[in-house]
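Colleague: my_file_13.pdb is reproduced below (PDB, C-alpha atoms, pLDDT in the B column).
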ATOM      1  CA  MET A  27      14.203   1.691  13.795  1.00 65.00           C
ATOM      2  CA  ASN A  28      10.560   0.651  13.401  1.00 91.00           C
ATOM      3  CA  GLN A  29       9.799  -0.807   9.957  1.00 96.00           C
ATOM      4  CA  VAL A  30       6.468   0.080   8.326  1.00 98.00           C
ATOM      5  CA  ALA A  31       5.122  -2.550   5.938  1.00 98.00           C
ATOM      6  CA  ILE A  32       2.884  -1.612   3.035  1.00 98.00           C
ATOM      7  CA  THR A  33       1.156  -4.346   1.072  1.00 98.00           C
ATOM      8  CA  VAL A  34      -0.720  -3.749  -2.162  1.00 98.00           C
ATOM      9  CA  ILE A  35      -3.230  -6.499  -2.888  1.00 98.00           C
ATOM     10  CA  GLY A  36      -4.376  -6.662  -6.485  1.00 97.00           C
ATOM     11  CA  ARG A  37      -4.923  -8.948  -9.419  1.00 95.00           C
ATOM     12  CA  ASP A  38      -3.729  -9.306 -12.996  1.00 94.00           C
ATOM     13  CA  ALA A  39      -5.380  -7.144 -15.648  1.00 94.00           C
ATOM     14  CA  CYS A  40      -6.701  -4.646 -13.089  1.00 95.00           C
ATOM     15  CA  HIS A  41      -6.581  -1.071 -14.381  1.00 96.00           C
ATOM     16  CA  LEU A  42      -7.131   0.398 -10.901  1.00 97.00           C
ATOM     17  CA  CYS A  43      -4.191  -1.663  -9.631  1.00 97.00           C
ATOM     18  CA  ASP A  44      -2.072  -0.317 -12.483  1.00 97.00           C
ATOM     19  CA  GLU A  45      -3.028   3.240 -11.486  1.00 97.00           C
ATOM     20  CA  ALA A  46      -2.484   2.735  -7.743  1.00 98.00           C
ATOM     21  CA  LEU A  47       0.920   1.067  -7.754  1.00 97.00           C
ATOM     22  CA  PRO A  48       2.995   4.036  -9.020  1.00 98.00           C
ATOM     23  CA  ILE A  49       1.437   6.271  -6.353  1.00 98.00           C
ATOM     24  CA  VAL A  50       2.253   3.773  -3.607  1.00 98.00           C
ATOM     25  CA  GLU A  51       5.801   3.341  -4.946  1.00 98.00           C
ATOM     26  CA  GLU A  52       6.315   7.120  -4.940  1.00 97.00           C
ATOM     27  CA  VAL A  53       5.199   7.359  -1.313  1.00 98.00           C
ATOM     28  CA  VAL A  54       7.363   4.407  -0.253  1.00 98.00           C
ATOM     29  CA  ALA A  55      10.416   5.953  -1.959  1.00 97.00           C
ATOM     30  CA  ALA A  56      10.143   9.020   0.286  1.00 97.00           C
ATOM     31  CA  PHE A  57      10.697   6.998   3.476  1.00 97.00           C
ATOM     32  CA  SER A  58      13.755   5.255   4.898  1.00 96.00           C
ATOM     33  CA  ASN A  59      11.923   2.586   6.886  1.00 97.00           C
ATOM     34  CA  VAL A  60       8.995   1.581   4.690  1.00 98.00           C
ATOM     35  CA  SER A  61       8.865  -1.681   2.754  1.00 98.00           C
ATOM     36  CA  LEU A  62       6.530  -2.552  -0.083  1.00 98.00           C
ATOM     37  CA  ALA A  63       5.118  -5.969  -0.902  1.00 98.00           C
ATOM     38  CA  LYS A  64       2.835  -6.742  -3.807  1.00 97.00           C
ATOM     39  CA  ALA A  65       0.395  -9.618  -3.552  1.00 97.00           C
ATOM     40  CA  LYS A  66      -2.472 -11.086  -5.502  1.00 97.00           C
ATOM     41  CA  VAL A  67      -5.881 -11.337  -3.898  1.00 96.00           C
ATOM     42  CA  GLU A  68      -5.727 -15.101  -4.474  1.00 94.00           C
ATOM     43  CA  ASP A  69      -2.477 -15.477  -2.483  1.00 94.00           C
ATOM     44  CA  GLN A  70      -3.966 -15.722   1.024  1.00 91.00           C
ATOM     45  CA  PRO A  71      -6.924 -17.710   2.265  1.00 86.00           C
ATOM     46  CA  GLY A  72      -9.693 -15.294   3.100  1.00 92.00           C
ATOM     47  CA  TRP A  73      -8.485 -12.418   0.931  1.00 94.00           C
ATOM     48  CA  LEU A  74     -10.874 -13.328  -1.874  1.00 93.00           C
ATOM     49  CA  GLU A  75     -13.786 -13.076   0.525  1.00 93.00           C
ATOM     50  CA  LEU A  76     -12.532  -9.860   2.132  1.00 94.00           C
ATOM     51  CA  TYR A  77     -11.068  -7.980  -0.791  1.00 95.00           C
ATOM     52  CA  SER A  78     -12.209  -9.463  -4.113  1.00 91.00           C
ATOM     53  CA  ASP A  79     -14.473  -6.538  -4.991  1.00 93.00           C
ATOM     54  CA  LYS A  80     -12.142  -3.930  -3.481  1.00 96.00           C
ATOM     55  CA  VAL A  81      -8.818  -4.352  -5.312  1.00 97.00           C
ATOM     56  CA  PRO A  82      -6.466  -2.733  -5.205  1.00 98.00           C
ATOM     57  CA  VAL A  83      -6.298  -2.747  -1.427  1.00 98.00           C
ATOM     58  CA  VAL A  84      -3.464  -1.009   0.425  1.00 98.00           C
ATOM     59  CA  LEU A  85      -2.546  -2.352   3.847  1.00 98.00           C
ATOM     60  CA  ILE A  86      -0.295  -0.547   6.299  1.00 98.00           C
ATOM     61  CA  ASP A  87       1.109  -2.980   8.826  1.00 98.00           C
ATOM     62  CA  SER A  88      -1.657  -5.447   7.839  1.00 96.00           C
ATOM     63  CA  VAL A  89      -4.462  -2.920   8.438  1.00 97.00           C
ATOM     64  CA  GLU A  90      -6.549  -1.748   5.489  1.00 97.00           C
ATOM     65  CA  HIS A  91      -5.728   1.841   4.602  1.00 98.00           C
ATOM     66  CA  CYS A  92      -7.718   2.203   1.373  1.00 98.00           C
ATOM     67  CA  HIS A  93      -9.153   0.384  -1.598  1.00 97.00           C
ATOM     68  CA  TRP A  94      -9.956   1.131  -5.264  1.00 97.00           C
ATOM     69  CA  HIS A  95      -8.151   4.494  -5.366  1.00 97.00           C
ATOM     70  CA  VAL A  96      -4.978   5.666  -3.637  1.00 98.00           C
ATOM     71  CA  GLN A  97      -4.478   9.304  -2.733  1.00 98.00           C
ATOM     72  CA  TYR A  98      -0.843  10.329  -2.374  1.00 98.00           C
ATOM     73  CA  GLU A  99      -1.265  12.765   0.533  1.00 98.00           C
ATOM     74  CA  ALA A 100      -3.598  10.493   2.513  1.00 98.00           C
ATOM     75  CA  LEU A 101      -1.197   7.550   2.173  1.00 98.00           C
ATOM     76  CA  ARG A 102       1.822   9.697   3.038  1.00 98.00           C
ATOM     77  CA  GLU A 103       0.118  10.987   6.196  1.00 98.00           C
ATOM     78  CA  ALA A 104      -0.951   7.482   7.195  1.00 98.00           C
ATOM     79  CA  VAL A 105       2.617   6.226   6.790  1.00 98.00           C
ATOM     80  CA  LEU A 106       3.890   9.089   8.945  1.00 97.00           C
ATOM     81  CA  ARG A 107       1.342   8.200  11.654  1.00 97.00           C
ATOM     82  CA  ALA A 108       2.474   4.564  11.446  1.00 97.00           C
ATOM     83  CA  GLY A 109       6.065   5.608  12.207  1.00 97.00           C
ATOM     84  CA  GLY A 110       7.452   6.250   8.739  1.00 97.00           C
ATOM     85  CA  LEU A 111      10.661   8.263   8.695  1.00 96.00           C
ATOM     86  CA  LEU A 112      11.040  10.655   5.776  1.00 96.00           C
ATOM     87  CA  LEU A 113      14.348  10.611   3.956  1.00 94.00           C
ATOM     88  CA  ALA A 114      16.423  13.749   4.445  1.00 82.00           C
ATOM     89  CA  GLN A 115      15.822  16.271   1.699  1.00 70.00           C
ATOM     90  CA  ASP A 116      18.683  18.405   0.379  1.00 52.00           C
TER      91      ASP A 116
END
In structure tokens, how does this file's structure come out?
Modeller:
Amino acid sequence: MNQVAITVIGRDACHLCDEALPIVEEVVAAFSNVSLAKAKVEDQPGWLELYSDKVPVVLIDSVEHCHWHVQYEALREAVLRAGGLLLAQD
């Protein structure tokens, strides 16, 4: 089974990050093969230069999906295209 990795890059005291994370968590919970990692923009060399003014940034398999605002349907569709497998619904 192919694993899809989602990373949310943010920073402390970021209201947009606080708004984005529950949406990402809800999307991740709908899939059987999607993992979620949370990181701070200061954690990786180069992220400050790339993403400092964009947080939160959502990466899917290390590729930027979106920044600032997360839309549930757009993220869900992107995860499906990346190989996400929806959990069976009763």
Colleague: May I ask for the distance between atom CA of Gln97 of chain A and atom CA of Asp69 of chain A, given in Å to one decimal place?
Modeller: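 Separation of atom CA of Gln97 of chain A and atom CA of Asp69 of chain A: 24.9 Å.
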Colleague: Up to 7 Å from (-8.5, -6.2, -5.8) in the file's coordinates: name the residues, counting all atoms listed in the file, as a ChimeraX atom specification.
Modeller: /A:35-37,67,77-83
Colleague: Name all residues at most 8 Å from Asp87 of chain A (count all atoms listed in the file; drop same-chain ones fewer than 3 positions away) and give them as a VMD selection string.
Modeller: chain A and resid 30 to 33
Colleague: Quick one: of A:Ala114, A:Val34, A:Asp44, A:Gln29, who's nearest to Lys66 of chain A, counting only C-alpha atoms?
Modeller: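 Selected residue with least distance to Lys66 of chain A: A:Val34.
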Colleague: What would the selection look like, as a list in words, if the PyMOL selection byres ((chain A and resi 54) around 10) were run on the coordinates I just shared?
Modeller: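 Applying the PyMOL selection byres ((chain A and resi 54) around 10) to the structure shown produces Val30, Ala31, Ile32, Pro48, Ile49, Val50, Glu51, Glu52, Val53, Ala55, Ala56, Phe57, Ser58, Asn59, Val60, Ser61, Leu62, Leu101, Arg102, Val105, Gly110 and Leu112 of chain A.
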Colleague: Could you work out how far atom CA of Cys43 of chain A lies from atom CA of His95 of chain A, giving the answer in Å with one decimal?
Modeller: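 A separation of 8.5 Å between them.
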Colleague: First collect every listed atom of segment 85-103 of chain A; then fit an axis-aligned box around them, widen it by 4 Å on each side, and give centre and edge lengths in Å to one decimal, as AutoDock Vina command-line options.
Modeller:
--center_x -4.1 --center_y 3.7 --center_z 1.7 --size_x 19.8 --size_y 26.2 --size_z 22.2
